[in-house]
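Student: First the structure, then my questions, so here it is.
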Amino acid sequence: MTDPATLAVDVAGLEFSYGDNTVVSMERCQLARGRSLAVIGASGCGKTTFLHLLAGLIRPAAGAIRVLGQDLTELSGTPLDRFRGRNIGLVFQRLHLLPALSVLENVLLAQRLAGGRIDAARVAALLEQLDLDGLEQHKPSMLSQGQAQRVAIARALVHGPELIMADEPTSALDDGHAEQALALLKTSAETVGAALLVVTHDQRVCGCLDGEFEMRVPA
Amino acid sequence: MTWLRLAVANLGLSPLTSAVNVLLMALGTASIVLLLLAGSQLSETMSRDARGIDLVLGATGSPVQLVLSAVYHADVPPGNVRLEEALRWADDPRVRTAIPLSLGDSYRGYRIVGTTADYAELYEAGLATGRFWDGTLEAVAGSAVAQSAGLGVGSSFAGAHGLEEGGHSHESDPYRIVGVLEPTGTVVDRLILTSLTSVWDLHAEETSHAHTAGSDHADDHDHDHDSNEAHKHDENHDHEAVAGQDQPDPDREITAMLIRYSSPMAAMTLSREVNSAGVLQAAAPAMEVSRILQLIGIGLDGLSAFSWVLILTAALSVFAALYGSLRARRGDLAILRCLGATRWELLVALLLEGLLLSVLGVTLGFLAGHGAMELLGAWLENTRGVAMTGWTWVPAQTLLLFGLFGVGAVAAAIPAVQAYRTDVARTLAEG
């Protein structure tokens, strides 16, 4: 048995269903702090639902979810929103950069919402690291797909979360860009010492990460 | 600050829609503000002009007409009355002052009022230059008249018959300006004052010219007597003194007599007695003013209702814009929640957008309303001599201001609740 304190994600006996339809049924899934994990499975096996459960966006019917030592089922409302904002960085397939704000403002907003102080130096360093310097004042609509994805990653990393989760970050990308995006996520997570969990049906992902967890459609 | 910045940025995303919403709000607000300012200043001006006049005596007819003609000089008088009849009431102990008015002529649309110096005193109109009239055909111009007709001490002009412009003029007997009054912001600014006898003489002569038959009316008054009468009123600022007491000929006619009671008790009886005697009519300006304002008020209420329809349209438009954008922004709202925003913050974000639109619109509307009132006031002052300004604040506006600020928030309420209820997981799962 692993020491709970060293785990970024610790799930046991998880059940989730829409009505009578069980969507997720999972004995156990663990991810150590600072490590990376690919959660794979065919479409419809509940991968995205699993990620939403881990992010505290939905509640399980049964089971325990501990994220960074915190039992998510104990939190609700504003404290849950704050916990998510502070400790988890999320990247989705659809990036949802706020179209009204500039690249810089999108990233600063994430930092502000995470409850941290505005740290302009950190934001500048991160943007440079992600090869986004010079694009600070651009609106998302002016960016290429790759640039936009890097902005989404910057937004997920800017507040220094200890757990980064990505939902199908590569599905829209060709091989070269998929590899690049994944490498970027991994090195970025390593740089800030965060655990990385990637949910995907994309087999290309598996080899790049530390571990792999296969989900099956519940019987 | 974060949410305010976001709200501003979001409104900037669809500048045309936002501008239209702001404009609608501004239009409705401006018209309400304009109506408020005009309405309140109108009643203020009307009561200022009627200050110190408890009762108007004049020919029988419509009391509103009598008050409009004798107090505001805005209507033709119902007719003339014999001075003798008016004097009977002026001598009544319940009357403190009685100021006779004789109308009939005008100059460039400004009325020439035959009266006594008491009339100027009623409006606390002191002389800016010159002196009050002494002899026949000497006149004192109100400040607005002097300015717009270019009259100064020493200039002379021929009065025209009738109260409107373009009447037959008394070219052979021009008036001479001997004084100009200080501006008072009252009706007296746009009047030309002269002695009763000047008006009488002018018309007596005219009558005699017209009939060519030998009428001795014109000679009834010798000039010594005229100046005598005027002198008495200039020098005896005795409020017990009743104008015309020393008038030699009570057969003369006047248009109206402005009465001030010696005690409030007089209000109970005097007007009723005058009216039941039947020869004259007595009208109380306070009552007639409120009747006029009530009539105007119905019109203002109609306009005001129309303005509120504009405001309602603006609110609906704000609602439609926010509600419509909600669908496109569901993903953004979900991502905000993922970044750590609470449900309440999303609610506030949407409310702020509505509030911003209305604050902008209302601010613009207030500026436009005051500006329009100022323009309207300048125009009214030039053409009608009614002093109104846009640079004033009516107490009701403060209430209006905050009420209208809230309109945007109310319009945003339903979209805001929708934002509050965003199902983050489902929205994200749907992509």
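Following the order of the structure tokens, chains are lettered A, B, ..., residues in each are numbered from 1, and ligands are numbered from 1.
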Excluding A:Ser102 and its own-chain neighbours fewer than 3 positions away, which residues fall within 12 Å of it when counting only C-alpha atoms? Please give them as a ChimeraX atom specification.

Tutor: /A:97-99,105-109,134-143,148,151 /B:5-6,9-10,13

Student: At a cut-off of 10 Å, using only C-alpha atoms, what residues contact A:Glu212? Leave out same-chain residues fewer than 5 positions from it and give the result as a ChimeraX atom specification.

Tutor: /A:36-40,197-199,205-207

Student: For the selection just defined, write its residues with C-alpha atoms to a file, as a compact mmCIF listing (two decimals), in the first residue's frame.

Tutor:
# COMPACT_ATOMS: atom_id res chain seq x y z
CA SER A 36 2.41 10.93 -15.51
CA LEU A 37 -0.37 8.55 -16.49
CA ALA A 38 -2.28 7.84 -19.67
CA VAL A 39 -5.88 6.80 -19.12
CA ILE A 40 -6.90 4.99 -22.27
CA LEU A 197 -3.01 12.65 -16.16
CA VAL A 198 -3.98 12.42 -19.81
CA VAL A 199 -7.29 10.91 -20.85
CA VAL A 205 0.08 8.90 -26.20
CA CYS A 206 0.88 5.76 -24.22
CA GLY A 207 4.55 5.39 -24.96

Student: Which of these residues is nearest to B:Asp201, using only C-alpha atoms: B:Glu84, B:Thr136, B:Gly52, B:Gln147?

Tutor: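 Under the stated criterion, the closest residue is B:Thr136.
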
Student: Residues of chain A were defined as contacting chain B if any atom lay at most 10 Å from it, counting only C-alpha atoms; please report them as a ChimeraX atom specification.

Tutor: /A:48-49,51-53,55-58,77-102,105-106,108-115,155-156,159,167

Student: Would you return as a ChimeraX atom specification the members of stretch 112-203 of chain A that DSSP assigns to strand (DSSP E) on this structure's backbone?

Tutor: /A:163-167,195-200

Student: Pick out the residues sitting within 10 Å of stretch 181-188 of chain B, and hand them over as a count of residues only; count only C-alpha atoms, and ignore anything fewer than 2 positions along from it in its own chain.

Tutor: 44

Student: Rounded to one decimal, what separation in Å do you get between atom CA of B:Ser18 and atom CA of B:Leu303?

Tutor: 26.0 Å

Student: Please list as a PyMOL selection string every residue within 7 Å of stretch 3-14 of chain A, counting only C-alpha atoms and excluding residues in the same chain fewer than 6 positions away.

Tutor: chain A and resi 25-33+60+62-69+163+195

Student: Neighbours of B:Val20 within 12 Å (only C-alpha atoms; same-chain residues fewer than 3 positions away dropped), as a list in words?

Tutor: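 The filter keeps Leu11, Ser14, Pro15, Leu16, Thr17, Leu23, Leu24, Met25, Ala26, Leu27, Thr313, Ala314, Ala315, Ser317, Val318, Ala321, Leu357, Ser358, Leu360 and Gly361 of chain B.
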
Student: Tell me which protein, DNA and RNA residues are within 9 Å of A:Lys186, counting only C-alpha atoms, leaving out same-chain ones fewer than 3 positions away, and put them as a list in words.

Tutor: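 Non-adjacent residues within range: Ser36, Ala181, Leu182, Ala183, Ala189, Glu190, Thr191, Leu196, Cys208 and Leu209 of chain A.
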
Student: Figure out the distance between atom CA of B:Leu55 and atom CA of B:Met268, please, to one decimal in Å.

Tutor: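 So the two atoms, atom CA of B:Met268 and atom CA of B:Leu55, lie 11.7 Å apart.
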
Student: Taking the DSSP assignment computed from this structure's backbone, write out as a ChimeraX atom specification all residues of stretch 254-305 of chain B that belong to alpha helix (DSSP H).

Tutor: /B:266-277,285-305

Student: Write a file of the just-selected residues containing C-alpha atoms, as a compact mmCIF listing (two decimals), in the first residue's frame.

Tutor:
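Full text of again03.txt as output:
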# COMPACT_ATOMS: atom_id res chain seq x y z
CA ALA B 266 -59.88 87.13 2.29
CA ALA B 267 -59.39 84.10 0.07
CA MET B 268 -62.50 82.57 1.58
CA THR B 269 -64.83 85.35 0.60
CA LEU B 270 -63.55 87.97 -1.78
CA SER B 271 -63.37 85.90 -4.94
CA ARG B 272 -66.86 84.52 -4.34
CA GLU B 273 -68.30 87.98 -3.75
CA VAL B 274 -66.73 89.36 -6.92
CA ASN B 275 -68.03 86.52 -9.00
CA SER B 276 -71.51 86.58 -7.56
CA ALA B 277 -71.74 90.31 -8.17
CA PRO B 285 -53.83 82.21 -10.23
CA ALA B 286 -52.85 79.43 -7.81
CA MET B 287 -55.98 77.49 -8.70
CA GLU B 288 -55.81 78.17 -12.40
CA VAL B 289 -52.09 77.36 -12.51
CA SER B 290 -52.72 73.99 -10.96
CA ARG B 291 -55.51 73.42 -13.44
CA ILE B 292 -53.21 74.34 -16.35
CA LEU B 293 -50.39 72.22 -14.97
CA GLN B 294 -52.78 69.35 -14.59
CA LEU B 295 -53.67 69.65 -18.26
CA ILE B 296 -50.03 69.90 -19.27
CA GLY B 297 -49.33 67.07 -16.86
CA ILE B 298 -51.59 64.74 -18.84
CA GLY B 299 -49.52 65.50 -21.91
CA LEU B 300 -46.27 65.04 -20.02
CA ASP B 301 -47.52 61.76 -18.60
CA GLY B 302 -48.23 60.52 -22.10
CA LEU B 303 -44.73 61.46 -23.25
CA SER B 304 -43.29 59.96 -20.12
CA ALA B 305 -45.12 56.68 -20.75

Student: What does the distance from atom CA of A:Ser171 to atom CA of A:Gly146 come to in Å, to one decimal?

Tutor: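 According to the coordinates, atom CA of A:Ser171 and atom CA of A:Gly146 are separated by 12.8 Å.
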